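Some notes on the structure that comes next.
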Amino acid sequence: MAAFAQLVIIGLLAGGIYAAVGVGFGLVWGVLNIVNLAHGALVIIGAYLTWQMFAVWGVDPFLTLPIDAIALFVLGYAVHRGVINRIIRAPLLFTFLLTFGLNLIAVNVLLLIFKSDFRSVTTAYSGAGLELGGLVIPYIRLAALGIALVMAAVLAILLSRTRVGLAIQAVGSDRDAAQLVGIDLRHAYAVTFGLGAAVAGVAGGMIAMIQAITPTAGEPYTLQAFVVVILGGLGRVSATVVGGLVFGLVEAFG
């Protein structure tokens, strides 16, 4: 029974990371109709930002997460306005090719800067955990689950209760009608892509605290995000979170 409970906990904790990775991917896919093959690269960029701030400047890794979010939002917004927006109405194949190319560029830039060495974020509390009977719950993974849930809740509130969020939903539902009522499509698209990148950056920062990273480590996260969104379904942040938790449980018991 203890082993079963341990597997459930491991699955849920891993699922928190998968949910964080999947939420941004699902947002971009649902609103922009773009399957972003560079999503994993955005995750790893966030991971390297956390590593850089921790290893070079001594910033606590949890304090780097808001900086990851801001930096990746700016990067995502700029990339969409400068590159992706040019083919937003193109067939899906074009966006596949473009985002795949962006992924290759990002990976090679990271390789030039950081080489292919493994990097990790190790703190005084990295090995600590909460013991409940025979169960051990790592503090970092527990915090990552909590951050993922809070981040998803904030994003859901942003999309449903703010003018920006309502504009994003309107664009996702009917871009032509949204344009008729005065919504700036280019800005709404870029904000959406920026939000997806910001969430990916925070997920990457949490991943850097849990496991070693390399510039080429992002591709599996793109695939995992795709699976999570398929499991949860497009259109709702909460559904993506559930998909991430389910994926974590399946992996733990697999």
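Within each chain, counting starts at residue 1; across the structure tokens, chains are named A, B, ... in the order shown, with ligands numbered 1 upward in that order.
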
Practice task
Find the spatial neighbours of region 26-37 of chain A, counting only C-alpha atoms, within a cut-off of 6 Å - ignore same-chain residues fewer than 6 positions away - and output them as a ChimeraX atom specification.
Solution key: /A:99-100,172,193,229,234-235

Handout entry: Secondary structure check, strand (DSSP E) residues of region 7-243 of chain A, as a count of residues only
Key = 8

Practice task
Just the residues within 12 Å of Leu112 (chain A), please, counting only C-alpha atoms, with nothing from its chain fewer than 5 positions along; format it as number ranges by chain.
Solution key: A: 105-107, 117, 214-216

Practice task
Determine, counting only C-alpha atoms, which protein, DNA and RNA residues have an atom within 10 Å of an atom of Val83 (chain A); residues of the same chain fewer than 4 positions away are not included. Present the result as a ChimeraX atom specification.
Solution key: /A:78-79,87-88,98-99,102

Write out, as a compact mmCIF listing (two decimals), in the first residue's frame, the residues just selected, with C-alpha atoms.
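Result file follows (part_16.txt):
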```txt
# COMPACT_ATOMS: atom_id res chain seq x y z
CA ALA A 78 9.15 39.59 -30.25
CA VAL A 79 9.49 36.28 -32.09
CA ILE A 87 2.59 33.21 -41.84
CA ILE A 88 -0.25 33.20 -39.30
CA LEU A 98 8.92 27.56 -39.25
CA THR A 99 8.74 26.55 -35.60
CA LEU A 102 13.21 28.27 -34.78
```

Tell me which protein, DNA and RNA residues are within 12 Å of region 54-63 of chain A, counting only C-alpha atoms, leaving out same-chain ones fewer than 5 positions away, and put them as a PDB file with N, CA and C atoms, in the first residue's frame.
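Output saved as selection-v1.pdb:
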```
ATOM      1  N   GLY A  46      14.351  28.878 -20.502  1.00  0.00           N
ATOM      2  CA  GLY A  46      13.994  29.225 -19.129  1.00  0.00           C
ATOM      3  C   GLY A  46      14.862  28.501 -18.115  1.00  0.00           C
ATOM      4  N   ALA A  47      15.162  27.231 -18.397  1.00  0.00           N
ATOM      5  CA  ALA A  47      16.016  26.451 -17.499  1.00  0.00           C
ATOM      6  C   ALA A  47      17.417  27.054 -17.418  1.00  0.00           C
ATOM      7  N   TYR A  48      17.954  27.452 -18.565  1.00  0.00           N
ATOM      8  CA  TYR A  48      19.301  28.035 -18.567  1.00  0.00           C
ATOM      9  C   TYR A  48      19.329  29.415 -17.919  1.00  0.00           C
ATOM     10  N   LEU A  49      18.249  30.167 -18.039  1.00  0.00           N
ATOM     11  CA  LEU A  49      18.190  31.448 -17.335  1.00  0.00           C
ATOM     12  C   LEU A  49      18.275  31.233 -15.825  1.00  0.00           C
ATOM     13  N   ASP A  68      12.278  34.582 -15.304  1.00  0.00           N
ATOM     14  CA  ASP A  68      12.088  33.683 -16.446  1.00  0.00           C
ATOM     15  C   ASP A  68      10.813  34.037 -17.200  1.00  0.00           C
ATOM     16  N   ALA A  69       9.735  34.246 -16.451  1.00  0.00           N
ATOM     17  CA  ALA A  69       8.440  34.538 -17.076  1.00  0.00           C
ATOM     18  C   ALA A  69       8.503  35.830 -17.884  1.00  0.00           C
ATOM     19  N   ARG A 119      24.283  20.788 -17.063  1.00  0.00           N
ATOM     20  CA  ARG A 119      24.248  21.810 -16.015  1.00  0.00           C
ATOM     21  C   ARG A 119      23.126  21.467 -15.044  1.00  0.00           C
ATOM     22  N   SER A 120      23.338  21.768 -13.785  1.00  0.00           N
ATOM     23  CA  SER A 120      22.305  21.479 -12.793  1.00  0.00           C
ATOM     24  C   SER A 120      22.292  22.567 -11.730  1.00  0.00           C
ATOM     25  N   VAL A 121      21.150  22.714 -11.099  1.00  0.00           N
ATOM     26  CA  VAL A 121      20.972  23.675 -10.013  1.00  0.00           C
ATOM     27  C   VAL A 121      20.848  22.883  -8.717  1.00  0.00           C
ATOM     28  N   THR A 122      21.864  22.966  -7.882  1.00  0.00           N
ATOM     29  CA  THR A 122      21.881  22.219  -6.625  1.00  0.00           C
ATOM     30  C   THR A 122      21.953  23.197  -5.462  1.00  0.00           C
ATOM     31  N   THR A 123      20.939  23.164  -4.623  1.00  0.00           N
ATOM     32  CA  THR A 123      20.873  24.058  -3.464  1.00  0.00           C
ATOM     33  C   THR A 123      20.977  23.249  -2.172  1.00  0.00           C
ATOM     34  N   ALA A 124      20.980  23.953  -1.053  1.00  0.00           N
ATOM     35  CA  ALA A 124      21.052  23.282   0.248  1.00  0.00           C
ATOM     36  C   ALA A 124      19.816  22.436   0.511  1.00  0.00           C
ATOM     37  N   TYR A 125      18.703  22.780  -0.137  1.00  0.00           N
ATOM     38  CA  TYR A 125      17.464  22.043   0.103  1.00  0.00           C
ATOM     39  C   TYR A 125      17.108  21.089  -1.038  1.00  0.00           C
ATOM     40  N   SER A 126      18.044  20.887  -1.969  1.00  0.00           N
ATOM     41  CA  SER A 126      17.734  20.046  -3.132  1.00  0.00           C
ATOM     42  C   SER A 126      17.382  18.616  -2.746  1.00  0.00           C
ATOM     43  N   ILE A 140      11.209  20.283  -3.413  1.00  0.00           N
ATOM     44  CA  ILE A 140      11.257  21.012  -4.683  1.00  0.00           C
ATOM     45  C   ILE A 140      10.133  20.567  -5.604  1.00  0.00           C
ATOM     46  N   ARG A 141       9.898  19.267  -5.682  1.00  0.00           N
ATOM     47  CA  ARG A 141       8.813  18.782  -6.548  1.00  0.00           C
ATOM     48  C   ARG A 141       7.449  19.202  -6.000  1.00  0.00           C
ATOM     49  N   ALA A 143       6.885  21.940  -4.289  1.00  0.00           N
ATOM     50  CA  ALA A 143       6.770  23.364  -4.622  1.00  0.00           C
ATOM     51  C   ALA A 143       6.469  23.554  -6.102  1.00  0.00           C
ATOM     52  N   ALA A 144       7.088  22.729  -6.948  1.00  0.00           N
ATOM     53  CA  ALA A 144       6.846  22.834  -8.389  1.00  0.00           C
ATOM     54  C   ALA A 144       5.393  22.535  -8.725  1.00  0.00           C
ATOM     55  N   ILE A 147       3.389  25.592  -7.653  1.00  0.00           N
ATOM     56  CA  ILE A 147       3.605  26.709  -8.575  1.00  0.00           C
ATOM     57  C   ILE A 147       2.876  26.473  -9.887  1.00  0.00           C
ATOM     58  N   VAL A 202       8.882  29.432 -17.024  1.00  0.00           N
ATOM     59  CA  VAL A 202       8.751  29.070 -15.605  1.00  0.00           C
ATOM     60  C   VAL A 202       8.882  27.562 -15.436  1.00  0.00           C
ATOM     61  N   ALA A 203       8.255  26.803 -16.334  1.00  0.00           N
ATOM     62  CA  ALA A 203       8.388  25.342 -16.277  1.00  0.00           C
ATOM     63  C   ALA A 203       9.849  24.936 -16.411  1.00  0.00           C
ATOM     64  N   GLY A 204      10.572  25.598 -17.316  1.00  0.00           N
ATOM     65  CA  GLY A 204      11.989  25.296 -17.482  1.00  0.00           C
ATOM     66  C   GLY A 204      12.799  25.605 -16.236  1.00  0.00           C
ATOM     67  N   GLY A 205      12.481  26.715 -15.576  1.00  0.00           N
ATOM     68  CA  GLY A 205      13.173  27.042 -14.336  1.00  0.00           C
ATOM     69  C   GLY A 205      12.977  25.974 -13.273  1.00  0.00           C
ATOM     70  N   MET A 206      11.756  25.443 -13.185  1.00  0.00           N
ATOM     71  CA  MET A 206      11.489  24.383 -12.208  1.00  0.00           C
ATOM     72  C   MET A 206      12.202  23.092 -12.603  1.00  0.00           C
ATOM     73  N   ILE A 207      12.254  22.815 -13.901  1.00  0.00           N
ATOM     74  CA  ILE A 207      12.944  21.610 -14.369  1.00  0.00           C
ATOM     75  C   ILE A 207      14.427  21.673 -14.036  1.00  0.00           C
ATOM     76  N   ALA A 208      15.036  22.860 -14.152  1.00  0.00           N
ATOM     77  CA  ALA A 208      16.460  23.004 -13.843  1.00  0.00           C
ATOM     78  C   ALA A 208      16.771  22.665 -12.392  1.00  0.00           C
ATOM     79  N   MET A 209      15.788  22.838 -11.505  1.00  0.00           N
ATOM     80  CA  MET A 209      15.989  22.510 -10.087  1.00  0.00           C
ATOM     81  C   MET A 209      15.848  21.015  -9.816  1.00  0.00           C
ATOM     82  N   ILE A 210      15.280  20.289 -10.769  1.00  0.00           N
ATOM     83  CA  ILE A 210      14.955  18.885 -10.547  1.00  0.00           C
ATOM     84  C   ILE A 210      15.923  17.949 -11.249  1.00  0.00           C
TER      85      ILE A 210
END
```

Exercise for the section: For Arg86 (chain A), work out the shell of residues within 12 Å, counting only C-alpha atoms and skipping chain neighbours fewer than 4 positions away, then give it as number ranges by chain. Expected result: A: 79-82, 90, 94-95, 98, 186, 189-190

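Counting from CA of Ile213 (chain A), the distance to CA of Ala3 (chain A) is 28.9 Å.
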
Exercise for the section: Run DSSP on the backbone and give me the residues of region 123-153 of chain A it puts in alpha helix (DSSP H), as a ChimeraX atom specification. Expected result: /A:139-153

Resulting file, chosen residues, N, CA and C atoms, as a PDB file, in the first residue's frame:
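The result, written out as out.pdb:
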```pdb
ATOM      1  N   TYR A 139      10.751  18.360  -1.406  1.00  0.00           N
ATOM      2  CA  TYR A 139      10.224  19.719  -1.263  1.00  0.00           C
ATOM      3  C   TYR A 139      10.167  20.454  -2.606  1.00  0.00           C
ATOM      4  N   ILE A 140      11.209  20.283  -3.413  1.00  0.00           N
ATOM      5  CA  ILE A 140      11.257  21.012  -4.683  1.00  0.00           C
ATOM      6  C   ILE A 140      10.133  20.567  -5.604  1.00  0.00           C
ATOM      7  N   ARG A 141       9.898  19.267  -5.682  1.00  0.00           N
ATOM      8  CA  ARG A 141       8.813  18.782  -6.548  1.00  0.00           C
ATOM      9  C   ARG A 141       7.449  19.202  -6.000  1.00  0.00           C
ATOM     10  N   LEU A 142       7.322  19.220  -4.685  1.00  0.00           N
ATOM     11  CA  LEU A 142       6.063  19.667  -4.084  1.00  0.00           C
ATOM     12  C   LEU A 142       5.827  21.145  -4.399  1.00  0.00           C
ATOM     13  N   ALA A 143       6.885  21.940  -4.289  1.00  0.00           N
ATOM     14  CA  ALA A 143       6.770  23.364  -4.622  1.00  0.00           C
ATOM     15  C   ALA A 143       6.469  23.554  -6.102  1.00  0.00           C
ATOM     16  N   ALA A 144       7.088  22.729  -6.948  1.00  0.00           N
ATOM     17  CA  ALA A 144       6.846  22.834  -8.389  1.00  0.00           C
ATOM     18  C   ALA A 144       5.393  22.535  -8.725  1.00  0.00           C
ATOM     19  N   LEU A 145       4.816  21.533  -8.065  1.00  0.00           N
ATOM     20  CA  LEU A 145       3.400  21.225  -8.275  1.00  0.00           C
ATOM     21  C   LEU A 145       2.533  22.409  -7.867  1.00  0.00           C
ATOM     22  N   GLY A 146       2.824  22.985  -6.705  1.00  0.00           N
ATOM     23  CA  GLY A 146       2.049  24.134  -6.249  1.00  0.00           C
ATOM     24  C   GLY A 146       2.172  25.324  -7.185  1.00  0.00           C
ATOM     25  N   ILE A 147       3.389  25.592  -7.653  1.00  0.00           N
ATOM     26  CA  ILE A 147       3.605  26.709  -8.575  1.00  0.00           C
ATOM     27  C   ILE A 147       2.876  26.473  -9.887  1.00  0.00           C
ATOM     28  N   ALA A 148       2.911  25.238 -10.372  1.00  0.00           N
ATOM     29  CA  ALA A 148       2.219  24.916 -11.622  1.00  0.00           C
ATOM     30  C   ALA A 148       0.720  25.149 -11.495  1.00  0.00           C
ATOM     31  N   LEU A 149       0.138  24.734 -10.376  1.00  0.00           N
ATOM     32  CA  LEU A 149      -1.302  24.915 -10.173  1.00  0.00           C
ATOM     33  C   LEU A 149      -1.658  26.393 -10.038  1.00  0.00           C
ATOM     34  N   VAL A 150      -0.840  27.140  -9.293  1.00  0.00           N
ATOM     35  CA  VAL A 150      -1.092  28.579  -9.141  1.00  0.00           C
ATOM     36  C   VAL A 150      -0.958  29.287 -10.486  1.00  0.00           C
ATOM     37  N   MET A 151       0.066  28.923 -11.236  1.00  0.00           N
ATOM     38  CA  MET A 151       0.289  29.545 -12.539  1.00  0.00           C
ATOM     39  C   MET A 151      -0.880  29.269 -13.488  1.00  0.00           C
ATOM     40  N   ALA A 152      -1.373  28.037 -13.479  1.00  0.00           N
ATOM     41  CA  ALA A 152      -2.517  27.693 -14.320  1.00  0.00           C
ATOM     42  C   ALA A 152      -3.759  28.467 -13.894  1.00  0.00           C
ATOM     43  N   ALA A 153      -3.959  28.608 -12.582  1.00  0.00           N
ATOM     44  CA  ALA A 153      -5.120  29.352 -12.080  1.00  0.00           C
ATOM     45  C   ALA A 153      -5.042  30.824 -12.475  1.00  0.00           C
TER      46      ALA A 153
END
```
